[in-house]
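Visitor: Starting off with a structure, shown below.
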Amino acid sequence: MKQAESQYEKHYNIFQNIGYYFKYYRQSAPIFLWLCLVEILFGAVSPLFGIYLPKLAVDLVTKGVTWQRMWLTLGTFGGLFLCVHVAAKASETGKYHLYNTRRNELVAKIFLKTLRVPYRHVEEGETKELYWKAIRIVNQGDWSALYRMTYGTISMIQNALSFFLYSTVLSFLNPFVAALLMLLALAQYAINIRKIKYMERFRDQDAELGKKKSYLFYSAMGNQKAAKDVRIFGMQRWLNKEKDILLDQTRKLAQKKNRAEYLYWQLGSLLNLGRDIFAYGYLLQKVFTGAVNPGEFVLYFGAITGFSGFVGSIMESLAKLRSGSLETNYYRAYMELPEEDRKQGQRHISEMPRPVSIEFRDVSFSYDKSAEKKIFDHFNLKIHAGEKLALVGANGAGKTTLVKLLTGMYEPDEGSILIGGVDRNEFPREELYHLFSAVFQEPFLLPVTVGENLTFEARCDSDRAWKALEEADLAERFREKGVTLDTFFYVDMDESGIELSGGETQRFLLARALYKDGPVLVLDEPTAALDPIAESEIYDKYAKYAADKTAIFISHRLASTRFSDRIVLLGEGGILEEGSHQELMEKNGVYAKMFQVQSRYYARNKLEKEAF
C-alpha cells in the first residue's frame with residue numbers, strides 16, 4: 001500500500017479491496033461466495049453451449065440423420081444447456097438477496113463505528129465528510145461501490161473465463177489467428193484503460209455538481225417546509241436562476257464527457273471492425289477451400305462474434321472495479337479511524353454514593369490544539385453532590401463544550417474531571433454514560449413507537465413508562481388522544497402516528513430522562529426554541545424531579561436560575577461570576593445586567609413576571 005497523505009487518505013489497490021470484500025463475505029455469509037462460484041462457472045460455460053448448439057444442429061442436418069435421432073440429440077444437448085443456464089441464473093438471484101442483507105449490515109457497521117470514534121473527531125468537518133463518503137458505498141443501490149466491487153469482480157472473472165474458452169475454440173481454427181485476435185483485444189483493452197483514466201478526471205467535478213444538485217433540488221426546491229420562505233421572500237426567481245446555472249454546468253460537463261466517450265468509442269469501433277473483417281474474411285476463405293465444414297463455420301463465426309462482446313464486458317467490469325475501489329478506500333479509511341478506549345477503567349459507577357459530586361480540576365481545552373486561544377484555560381469548578389447548578393452565558397461562552405466535557409464526549413487537553421472524587425477515566429466509558437440523564441437542545445425522536453422512543457429498548461416497563469409520562473404532564477394528553485406505548489411517532493411509519501408540539505416534545509424528553517433516572521441530570525438548552533413562559537414551566541418540572549439528583553442547567557436565557565442553588569456565569573476563558581441569584585443581583589455585575597435586559601421580555605404582564 002502506498003504511503004497515505006493523511007489519516008483520511010487510503011490508497012488500497014483494486015486487488016486489495018477485492019480481497020477485503022472476499023474476507024468480509026467469507027466471515028459474514030460464506031454461502032454467498034459459493035453462489036458466486038456457481039454463477040461464475042455455469043455463467044462462463046453457458047455461452048459455450050450457445051455456440052455449440054447451432055453447430056450441432058447444422059452437423060446433424062448435413063449428415064442426414066433421422067428426425068428421431070436429431071430431436072433426441074438436440075433435446076439432450078438443449079436440456080443440458082437449459083440446466084446450466086438455470087443454475088447460473090438461480091445462483092445470481094439467490095445471492096442478490098444475500099447481497100442486500102450484507103449492504104444493510106454495512107450501514108449498521110458504519111453507524112456503530114461512529115459510536116466508537118471519539119465524539120470530538122465525529123464533529124470535525126473532515127470526519128463528517130469522510131462519513132458521508134463511506135455511506136455512499138452502500139446507499140446508492142445497484143450503483144453503490146459495494147455493488148460495483150462485488151458484481152464487477154464476478155463479471156470480470158466470468159467474462160475472462162469465457163474469453164479464454166472462446167480463445168481455445170478459435171485456436172483449433174488457426175493458432176496464428178487466435179493470437180492475432182488476442183493482440184487486437186489487448187489493443188482494445190489499452191484504449192479502454194486510457195478512456196477509464198481520462199474519465200476519472202471528471203470524478204471530482206461530478207461529485208461537486210452532485211452535491212450542489214442534491215442541496216438545490218432536494219434540500220431547497222424539494223423541501224415542502226421551505227415553501228413559506230420561498231413565497232414570502234420571493235425566492236422563486238433566484239432559485240430558478242441557480243437551477244439554470246447548475247443545469248448549464250452539468251450540461252457542459254456532460255458534453256465534454258460525451259465528446260471524449262465518442263472519440264474512444266470510434267477508436268474501439270474501428271479496431272473491432274478491422275478485427276471482424278479480417279476474421280470473417282479468413283473464415284470465408286476456409287469455407288470456400290473446404291478446410292472448414294458448415295458446422296465448424298457456424299461455431300467459429302459465433303466464437304468470433306462473442307469474442308468482442310467478452311472484451312467489452314471485461315472493460316466495463318474493470319471500469320466498475322476502478323471506481324468502486326476508489327470509493328471503498330473512503331469506507332476503509334472511516335472504519336480504520338482510531339477508537340476511544342471504552343473499557344479503560346476498572347472502577348464501577350455503582351460504587352459511588354448518590355447523589356454524586358463532579359469536579360473540573362485545572363482543565364484546559366481547545367478545538368484546535370495549535371491555537372493560542374483556548375475555550376477553557378486551567379478551568380476549575382466543583383459541583384457538589386445534589387447541587388442544582390445553572391450555567392449561563394452568551395452564545396460561544398463554552399456552555400455546550402463544558403457539557404460535552406462533563407458527559408465524556410470530549411477529553412480535556414490538560415487536567416482531569418472527577419466523579420465522586422475519582423478520575424472519570426477510571427470508569428469504563430459505557431458506565432460513565434449511564435451516569436447521566438441528559439436533554440439536549442436538538443430533540444432526538446425516531447419514527448418508532450412511543451415506548452421505544454422513551455426507553456430505547458425493545459421492551460419497556462409499562463408502569464414505569466406511564467409514571468414518567470405522568471410526571472412530565474403528558475400521560476393525560478396521550479390518553480385523551482388514544483396514544484399508547486405502541487403508537488408510532490410521525491405518519492411516515494403509520495397513518496395514526498403522532499406529531500408533538502414544541503412544548504410537548506420537551507415534556508417527552510423530560511419523561512425520557514425521568515425513565516432513565518440517572519443520578520446526574522444535564523439540560524443543555526433544551527428549551528431554546530420555546531417562548532419564555534413555556535420555558536419557565538418546563539424548568540419548573542425539571543427542578544421538581546431533580547430533588548435527589550445533581551443537576552446542571554445550561555441556558556443563555558436566565559429562566560433556569562431562580563431555582564438553582566448556584567449560578568455560574570461563563571465568559572471568555574472561564575468563570576466570570578458565580579453565586580446565588582440574589583448574590584449576583586446585589587453585585588450588579590455582568591449577570592445583573594443580562595438579567596435586567598432579559599427581564600424586559602418576560603415582564604409583559606403579571607404572568608410573565610411570575611416566571612421570575
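Identifiers in the C-alpha cells: chain A, B, ... in order shown; residue index from 1 per chain; ligand index from 1 in order shown.
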Give me the residues near segment 266-283 of chain A as a PyMOL selection string, where near means some atom within 9 Å (using only C-alpha atoms) and where sequence neighbours in that chain fewer than 5 positions away do not count.
Guide: chain A and resi 173+177+180-181+184-185+187-188+191-192+261+288+292+297+300-301+304-305+308
Visitor: Which residues in segment 400-544 of chain A does DSSP call alpha helix (DSSP H)? List them as a count of residues only.
Guide: 63
Visitor: Mind running segment 86-170 of chain A against segment 320-335 of chain A at 6 Å and telling me each contacting residue's nearest atom pair with the distance in Å (one decimal), counting only C-alpha atoms, chain and number ascending, as JSON lines?
Guide:
```
{"residue": "A:Ala134", "atom": "CA", "partner": "A:Tyr331", "partner_atom": "CA", "distance": 4.1}
{"residue": "A:Ala145", "atom": "CA", "partner": "A:Gly324", "partner_atom": "CA", "distance": 4.2}
{"residue": "A:Arg148", "atom": "CA", "partner": "A:Lys320", "partner_atom": "CA", "distance": 5.2}
{"residue": "A:Met149", "atom": "CA", "partner": "A:Leu321", "partner_atom": "CA", "distance": 5.3}
{"residue": "A:Gly152", "atom": "CA", "partner": "A:Leu321", "partner_atom": "CA", "distance": 5.7}
```
Visitor: Using only C-alpha atoms, which protein or nucleic acid residues come within 12 Å of segment 121-123 of chain A? Drop anything in the same chain fewer than 3 positions from it, and give the result as a PyMOL selection string.
Guide: chain A and resi 7-8+111+113-118+126-132+334+337-340+367-368+401+404+409-411
